[in-house]
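Reviewing the structure listed below.
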Amino acid sequence: MAFRFDDDATLLTPLMVGDTFAGNRVFMAPLTRSRAQDDGTPSYLAAQYYAQRASAGLVITEATAVSRTANGAYVNTPGIYTDRHQQKWAEITSAVHDEGGRIFMQLWHVGRMGHPDISGVQPVAPSAVAADMTAHTPAGRKPLVVPRALAIEEIPGIVADFRAAARRAVDAGMDGVEIHGANGYLLHQFTSDVVNHRTDAYGGSPENRARLTAEVVEAVVDEIGPGRVGLRISPGNGVGDVREIDPIPTYEALLDRIAPLGIAYLHVSIDPTRTTFGVIRALWPGVFVLNTGRDTGTDFCQLESFAQWGAVSAVSVGRAFLANPDLIDRLVVGAELNEPDVATFYAPGPVGYIDYPTLAELEARKSA
């Protein structure tokens with residue numbers, strides 16, 4: 001399916017994202033690819049993969065674990081908690097910068113979405129409530145286990161892990177980091193009025209359930225500066241079996257607390273036709289990045305309209321960038337898009353990772 005931006009398209013205009021200059025407003029969304037080495041070091045192909053997509057206004061990396069125990073939702077996902085991890089991420093960052101791109105690292109803790117067959121430890125969560133889901137372990141599909149509820153004295157250690165990971169990311173040359181507070185992972189579990197059963201300072205009221213995410217944002221801002229920090233949220237979207245009966249009060253408490261920090265952006269994964277979208281948008285005074293979860297070519301017309309109206313500052317797309325390393329070029333000239341190969345999303349090796357052809361490569365093949 002083809003779509004062509006007009007010459008004066010808002011999404012093709014530059015944007016300052018905190019301290020980072022983005023050449024356009026079409027960002028590459030974070031995409032788990034399950035190609036890291038067994039110890040969490042990114043794949044030897046990752047530098048090529050990300051550099052191929054450097055024309056995105058901002059490349060946001062796949063979710064990256066802040067500690068060994070923060071991992072375990074999927075096999076072969078990367079980390080940023082050892083010197084070896086940091087060295088490989090430095091190579092990736094350099095490759096993207098050499099192509100003129102800008103890159104933020106998404107930081108996560110998977111919480112109850114982890115499986116001990118992957119992580120080697122019992123997962124933790126705000127409360128001992130299992131997600132009604134399965135994990136693809138080395139031994140095949142298995143139900144997720146009941147997590148261990150974090151003791152209150154352990155929570156500062158979670159905050160410290162995010163702080164340390166952010167420092168490593170910036171020391172590896174990243175332009176910034178995105179804190180993953182969405183899609184059913186640990187921070188999202190804390191904000192949920194269904195999953196979080198705590199009665200201490202991190203549960204109960206909207207302010208208490210927002211507390212951990214706010215503390216992580218504050219710690220990371222203190223460590224690397226607000227202009228290098230983004231936050232991703234997904235109010236009420238139910239991903240990861242994290243249901244929310246009334247998400248608005250919690251996110252209002254969260255955004256009221258962190259808005260004065262002046263972070264680089266808020267990245268919201270939400271259906272823009274829902275009422276919640278308008279409420280969240282009205283609460284955020286800064287750069288607002290929308291991810292709709294829909295990546296068909298026809299969506300670009302709608303996304304451009306949102307940008308023209310000022311409803312969003314930028315958009316992030318996932319599968320379209322996965323399958324089209326030169327997505328921006330294709331949107332400028334109205335070229336057909338490569339279709340993503342679902343079978344290779346999480347498969348090892350280069351197929352479906354670094355071998356999607358650009359327009360130039362397709363033309364060269366025709367000429368040959």
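Each chain of the structure tokens is named A, B, ... in the order shown, its residues numbered from 1; ligands are numbered from 1 in display order.
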* Residues within 7 Å of Leu255 of chain A, only C-alpha atoms, excluding chain neighbours under 3 positions, as number ranges by chain -> A: 251-252, 258-259, 283-284
* Asked: Which residues come within 12 Å of Leu327 of chain A, counting only C-alpha atoms, excluding same-chain residues fewer than 2 positions away, as a ChimeraX atom specification?
  -> /A:2-5,12,24,26-28,52-57,295,297,300,317-325,329-339,356-359
Can those selected residues be exported to a file as a compact mmCIF listing (two decimals), in the first residue's frame so that it contains N, CA and C atoms?
# COMPACT_ATOMS: atom_id res chain seq x y z
N ALA A 2 0.54 2.23 -0.80
CA ALA A 2 1.36 3.42 -0.93
C ALA A 2 0.65 4.63 -0.34
N PHE A 3 1.44 5.53 0.19
CA PHE A 3 0.95 6.82 0.67
C PHE A 3 2.03 7.85 0.40
N ARG A 4 1.63 9.03 -0.05
CA ARG A 4 2.61 10.07 -0.34
C ARG A 4 2.30 11.31 0.48
N PHE A 5 3.32 11.78 1.22
CA PHE A 5 3.19 13.04 1.95
C PHE A 5 3.19 14.21 0.97
N LEU A 12 6.85 15.97 8.18
CA LEU A 12 8.19 16.03 7.59
C LEU A 12 8.99 17.22 8.10
N ASN A 24 12.57 15.01 11.35
CA ASN A 24 11.16 14.88 10.98
C ASN A 24 10.41 14.35 12.19
N VAL A 26 8.30 11.61 12.27
CA VAL A 26 7.93 10.20 12.18
C VAL A 26 9.02 9.40 12.88
N PHE A 27 8.71 8.92 14.08
CA PHE A 27 9.69 8.23 14.90
C PHE A 27 9.55 6.72 14.72
N MET A 28 10.66 6.02 14.91
CA MET A 28 10.63 4.56 14.91
C MET A 28 10.26 4.09 16.30
N GLN A 52 20.30 1.34 9.47
CA GLN A 52 19.47 1.33 8.26
C GLN A 52 18.24 2.23 8.41
N ARG A 53 17.79 2.42 9.65
CA ARG A 53 16.55 3.14 9.92
C ARG A 53 16.80 4.52 10.53
N ALA A 54 18.01 5.03 10.32
CA ALA A 54 18.42 6.29 10.94
C ALA A 54 17.70 7.51 10.37
N SER A 55 16.97 7.36 9.27
CA SER A 55 16.24 8.51 8.72
C SER A 55 14.97 8.82 9.51
N ALA A 56 14.61 7.97 10.45
CA ALA A 56 13.50 8.30 11.35
C ALA A 56 13.85 9.59 12.09
N GLY A 57 12.81 10.38 12.40
CA GLY A 57 13.08 11.58 13.17
C GLY A 57 13.78 11.26 14.47
N ASP A 295 -0.40 0.19 11.91
CA ASP A 295 0.68 0.60 11.01
C ASP A 295 0.39 0.38 9.53
N GLY A 297 -0.65 1.53 5.76
CA GLY A 297 -0.31 2.75 5.04
C GLY A 297 -1.39 3.82 5.11
N PHE A 300 -1.28 6.83 7.69
CA PHE A 300 -0.42 8.00 7.60
C PHE A 300 -1.22 9.26 7.27
N VAL A 317 5.84 4.83 14.62
CA VAL A 317 5.33 3.67 13.89
C VAL A 317 6.33 2.54 14.03
N GLY A 318 5.80 1.32 14.09
CA GLY A 318 6.64 0.17 14.34
C GLY A 318 6.85 -0.71 13.13
N ARG A 319 5.83 -1.48 12.77
CA ARG A 319 6.00 -2.47 11.70
C ARG A 319 6.38 -1.83 10.37
N ALA A 320 5.90 -0.63 10.11
CA ALA A 320 6.26 0.03 8.85
C ALA A 320 7.76 0.30 8.79
N PHE A 321 8.36 0.68 9.92
CA PHE A 321 9.83 0.88 9.94
C PHE A 321 10.57 -0.45 9.95
N LEU A 322 9.98 -1.45 10.59
CA LEU A 322 10.61 -2.77 10.60
C LEU A 322 10.83 -3.27 9.18
N ALA A 323 9.80 -3.13 8.34
CA ALA A 323 9.85 -3.68 6.99
C ALA A 323 10.40 -2.70 5.95
N ASN A 324 10.53 -1.42 6.32
CA ASN A 324 10.96 -0.40 5.36
C ASN A 324 12.04 0.48 5.99
N PRO A 325 13.29 0.07 5.90
CA PRO A 325 14.36 0.87 6.51
C PRO A 325 14.40 2.30 5.97
N ASP A 329 11.81 8.00 2.93
CA ASP A 329 11.96 8.18 1.49
C ASP A 329 10.73 7.68 0.75
N ARG A 330 10.21 6.55 1.17
CA ARG A 330 9.04 5.98 0.50
C ARG A 330 7.81 6.87 0.67
N LEU A 331 7.65 7.44 1.85
CA LEU A 331 6.50 8.31 2.10
C LEU A 331 6.62 9.63 1.33
N VAL A 332 7.82 10.08 1.09
CA VAL A 332 8.03 11.32 0.35
C VAL A 332 7.66 11.14 -1.13
N VAL A 333 8.01 9.99 -1.70
CA VAL A 333 7.76 9.79 -3.13
C VAL A 333 6.49 8.99 -3.40
N GLY A 334 5.86 8.47 -2.34
CA GLY A 334 4.64 7.70 -2.54
C GLY A 334 4.88 6.29 -3.05
N ALA A 335 5.98 5.68 -2.65
CA ALA A 335 6.31 4.33 -3.12
C ALA A 335 5.55 3.28 -2.31
N GLU A 336 5.39 2.13 -2.93
CA GLU A 336 4.80 0.99 -2.22
C GLU A 336 5.69 0.61 -1.03
N LEU A 337 5.04 0.13 0.02
CA LEU A 337 5.78 -0.30 1.20
C LEU A 337 5.98 -1.80 1.18
N ASN A 338 7.18 -2.24 1.67
CA ASN A 338 7.38 -3.66 1.89
C ASN A 338 6.40 -4.15 2.96
N GLU A 339 5.91 -5.36 2.81
CA GLU A 339 5.06 -5.97 3.82
C GLU A 339 5.92 -6.66 4.88
N TYR A 356 15.43 -6.38 4.58
CA TYR A 356 14.34 -5.73 3.86
C TYR A 356 14.94 -4.73 2.86
N PRO A 357 14.54 -4.78 1.60
CA PRO A 357 15.19 -3.93 0.59
C PRO A 357 14.71 -2.49 0.63
N THR A 358 15.64 -1.58 0.36
CA THR A 358 15.29 -0.17 0.16
C THR A 358 14.86 0.03 -1.29
N LEU A 359 14.33 1.21 -1.57
CA LEU A 359 13.96 1.53 -2.96
C LEU A 359 15.17 1.45 -3.88
* Using only C-alpha atoms, which of A:Ala90, A:Ala125, A:Val268, A:Val217 sits nearest Ala314 of chain A? ->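 Between A:Ala90, A:Ala125, A:Val268, A:Val217, the residue approaching Ala314 of chain A most closely is A:Val268.
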* To do: Measuring atom to atom with only C-alpha atoms, identify which of A:Ala172, A:Cys301, A:Ile60, A:Val159 is nearest to Glu215 of chain A.
  =>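 So, comparing all the options, the nearest one is A:Val159.
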* Contacts of Val146 of chain A at 12 Å or less, counting only C-alpha atoms, minus same-chain residues fewer than 6 places along, as a ChimeraX atom specification? -> /A:111-116,122-134
Mind dumping the selected residues with C-alpha atoms as a PDB file, in the first residue's frame?
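Everything below was put into selection.pdb:
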ATOM      1  CA  GLY A 111       7.751  -7.325  36.298  1.00  0.00           C
ATOM      2  CA  ARG A 112       5.180 -10.131  36.344  1.00  0.00           C
ATOM      3  CA  MET A 113       5.538 -10.588  32.572  1.00  0.00           C
ATOM      4  CA  GLY A 114       8.826 -12.395  33.206  1.00  0.00           C
ATOM      5  CA  HIS A 115       9.130 -16.181  33.368  1.00  0.00           C
ATOM      6  CA  PRO A 116      11.687 -17.988  35.558  1.00  0.00           C
ATOM      7  CA  GLN A 122      10.814 -15.553  40.214  1.00  0.00           C
ATOM      8  CA  PRO A 123       9.267 -12.432  38.677  1.00  0.00           C
ATOM      9  CA  VAL A 124       8.277  -9.530  40.887  1.00  0.00           C
ATOM     10  CA  ALA A 125       5.261  -7.238  40.754  1.00  0.00           C
ATOM     11  CA  PRO A 126       3.341  -4.785  42.912  1.00  0.00           C
ATOM     12  CA  SER A 127       1.157  -7.667  44.094  1.00  0.00           C
ATOM     13  CA  ALA A 128       1.086 -11.458  43.834  1.00  0.00           C
ATOM     14  CA  VAL A 129      -1.307 -11.447  40.880  1.00  0.00           C
ATOM     15  CA  ALA A 130      -0.389 -13.448  37.786  1.00  0.00           C
ATOM     16  CA  ALA A 131      -1.119 -12.311  34.255  1.00  0.00           C
ATOM     17  CA  ASP A 132      -3.448 -14.660  32.399  1.00  0.00           C
ATOM     18  CA  MET A 133      -0.938 -15.150  29.610  1.00  0.00           C
ATOM     19  CA  THR A 134       1.790 -17.481  28.427  1.00  0.00           C
TER      20      THR A 134
END
* Asked: In terms of the shortest atom-to-atom distance over only C-alpha atoms, which of A:Met174, A:Ala164, A:Met16, A:Ala307 is closest to Lys88 of chain A?
  ->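 Nearest candidate to Lys88 of chain A out of A:Met174, A:Ala164, A:Met16, A:Ala307: A:Met174.
Here atom CA of Asp193 of chain A stands at a distance of 7.5 Å from atom CA of Pro247 of chain A.
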* Asked: segment 71-80 of chain A: which residues within 8 Å, counting only C-alpha atoms, same-chain residues fewer than 4 positions away excluded, as JSON, numbers by chain?
  -> {"A": [32, 33, 34, 35, 36, 37, 38, 39, 40, 41, 42, 63, 64, 65, 66, 67, 85, 86, 109, 110, 113, 114, 115, 116, 117, 118, 119, 135, 136, 137, 138, 165, 168, 169]}
* Which of segment 240-318 of chain A fall in alpha helix (DSSP H), as a VMD selection string -> chain A and resid 247 to 258 275 to 283 299 to 309
Give me a file of those residues, with C-alpha atoms, as a short mmCIF file (atom, residue, chain, number, x, y, z; two decimals), in the first residue's frame.
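Saved the output as selection_32.cif:
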data_model
loop_
_atom_site.label_atom_id
_atom_site.label_comp_id
_atom_site.auth_asym_id
_atom_site.auth_seq_id
_atom_site.Cartn_x
_atom_site.Cartn_y
_atom_site.Cartn_z
CA PRO A 247 -7.19 5.13 34.40
CA ILE A 248 -7.71 8.89 34.22
CA PRO A 249 -7.13 9.83 37.91
CA THR A 250 -3.87 7.86 38.06
CA TYR A 251 -2.43 9.37 34.89
CA GLU A 252 -3.60 12.81 35.92
CA ALA A 253 -1.67 12.37 39.19
CA LEU A 254 1.38 11.10 37.30
CA LEU A 255 1.45 13.84 34.68
CA ASP A 256 0.75 16.59 37.20
CA ARG A 257 3.78 15.42 39.16
CA ILE A 258 6.25 15.06 36.29
CA THR A 275 -12.13 9.76 24.98
CA THR A 276 -9.08 8.96 27.09
CA PHE A 277 -6.84 10.29 24.30
CA GLY A 278 -8.28 13.79 24.51
CA VAL A 279 -8.08 13.82 28.29
CA ILE A 280 -4.43 12.73 28.36
CA ARG A 281 -3.51 15.15 25.59
CA ALA A 282 -5.02 18.05 27.53
CA LEU A 283 -2.96 17.11 30.58
CA ASP A 299 -3.04 5.50 8.75
CA PHE A 300 -0.42 8.00 7.60
CA CYS A 301 -3.15 10.26 6.24
CA GLN A 302 -4.85 10.28 9.64
CA LEU A 303 -1.55 10.76 11.47
CA GLU A 304 -0.66 13.73 9.29
CA SER A 305 -4.06 15.26 10.06
CA PHE A 306 -3.42 14.91 13.79
CA ALA A 307 -0.08 16.67 13.38
CA GLN A 308 -1.55 19.47 11.25
CA TRP A 309 -4.25 20.11 13.85
#
* Just the residues within 9 Å of Gly349 of chain A, please, counting only C-alpha atoms, with nothing from its chain fewer than 5 positions along; format it as a list in words. =>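 What passes the distance filter is Arg35, Ser43, Leu45 and Ile354 of chain A.
Counting from atom CA of Ser192 of chain A, the distance to atom CA of Gly238 of chain A is 9.9 Å.
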* Find the residues around Val229 of chain A up to 12 Å (only C-alpha atoms counted), leave out those fewer than 2 positions away in its own chain, and share them as a ChimeraX atom specification. => /A:17-20,60,103-107,162-163,166-167,169-170,174-180,216-227,231-232,258,261-267,287
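If you measure from each of A:Arg211, A:Pro350, A:Val194, A:Asp271 to Ile245 of chain A using only C-alpha atoms, the closest one turns out to be A:Val194.
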* **For Ala201 of chain A: contacts at 9 Å, only C-alpha atoms, fewer than 4 positions along chain excluded, given as a ChimeraX atom specification** => /A:152,205,207-209,211
Mind writing the picked residues with N, CA and C atoms as a PDB file, in the first residue's frame?
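To be explicit, this is the file written out as result21.pdb:
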ATOM      1  N   ILE A 152       8.393  -3.173  50.255  1.00  0.00           N
ATOM      2  CA  ILE A 152       8.538  -1.726  50.068  1.00  0.00           C
ATOM      3  C   ILE A 152      10.011  -1.303  50.122  1.00  0.00           C
ATOM      4  N   SER A 205      -4.490   4.861  46.426  1.00  0.00           N
ATOM      5  CA  SER A 205      -4.907   6.099  45.768  1.00  0.00           C
ATOM      6  C   SER A 205      -4.220   6.256  44.406  1.00  0.00           C
ATOM      7  N   GLU A 207      -2.522   8.762  43.383  1.00  0.00           N
ATOM      8  CA  GLU A 207      -1.193   9.336  43.624  1.00  0.00           C
ATOM      9  C   GLU A 207      -0.203   8.257  44.036  1.00  0.00           C
ATOM     10  N   ASN A 208      -0.653   7.318  44.864  1.00  0.00           N
ATOM     11  CA  ASN A 208       0.239   6.248  45.312  1.00  0.00           C
ATOM     12  C   ASN A 208       0.578   5.284  44.182  1.00  0.00           C
ATOM     13  N   ARG A 209      -0.419   4.963  43.347  1.00  0.00           N
ATOM     14  CA  ARG A 209      -0.141   4.040  42.250  1.00  0.00           C
ATOM     15  C   ARG A 209       0.738   4.682  41.180  1.00  0.00           C
ATOM     16  N   ARG A 211       3.163   6.669  41.971  1.00  0.00           N
ATOM     17  CA  ARG A 211       4.398   7.071  42.663  1.00  0.00           C
ATOM     18  C   ARG A 211       5.657   6.444  42.072  1.00  0.00           C
TER      19      ARG A 211
END
* What is the distance between atom CA of His97 of chain A and atom CA of Arg228 of chain A, in Å to one decimal? -> 15.9 Å
* To do: Please run DSSP on the backbone and report, as a ChimeraX atom specification, all residues within segment 6-243 of chain A that come out as strand (DSSP E).
  => /A:15-17,20-22,26-28,59-60,64-65,103-108,124-125,134-137,140-143,148-149,176-181,229-233
* Quick one: of A:Glu91, A:Glu244, A:Asp326, A:Asp161, who's nearest to Tyr44 of chain A, counting only C-alpha atoms? ->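 Selected residue with least distance to Tyr44 of chain A: A:Glu91.
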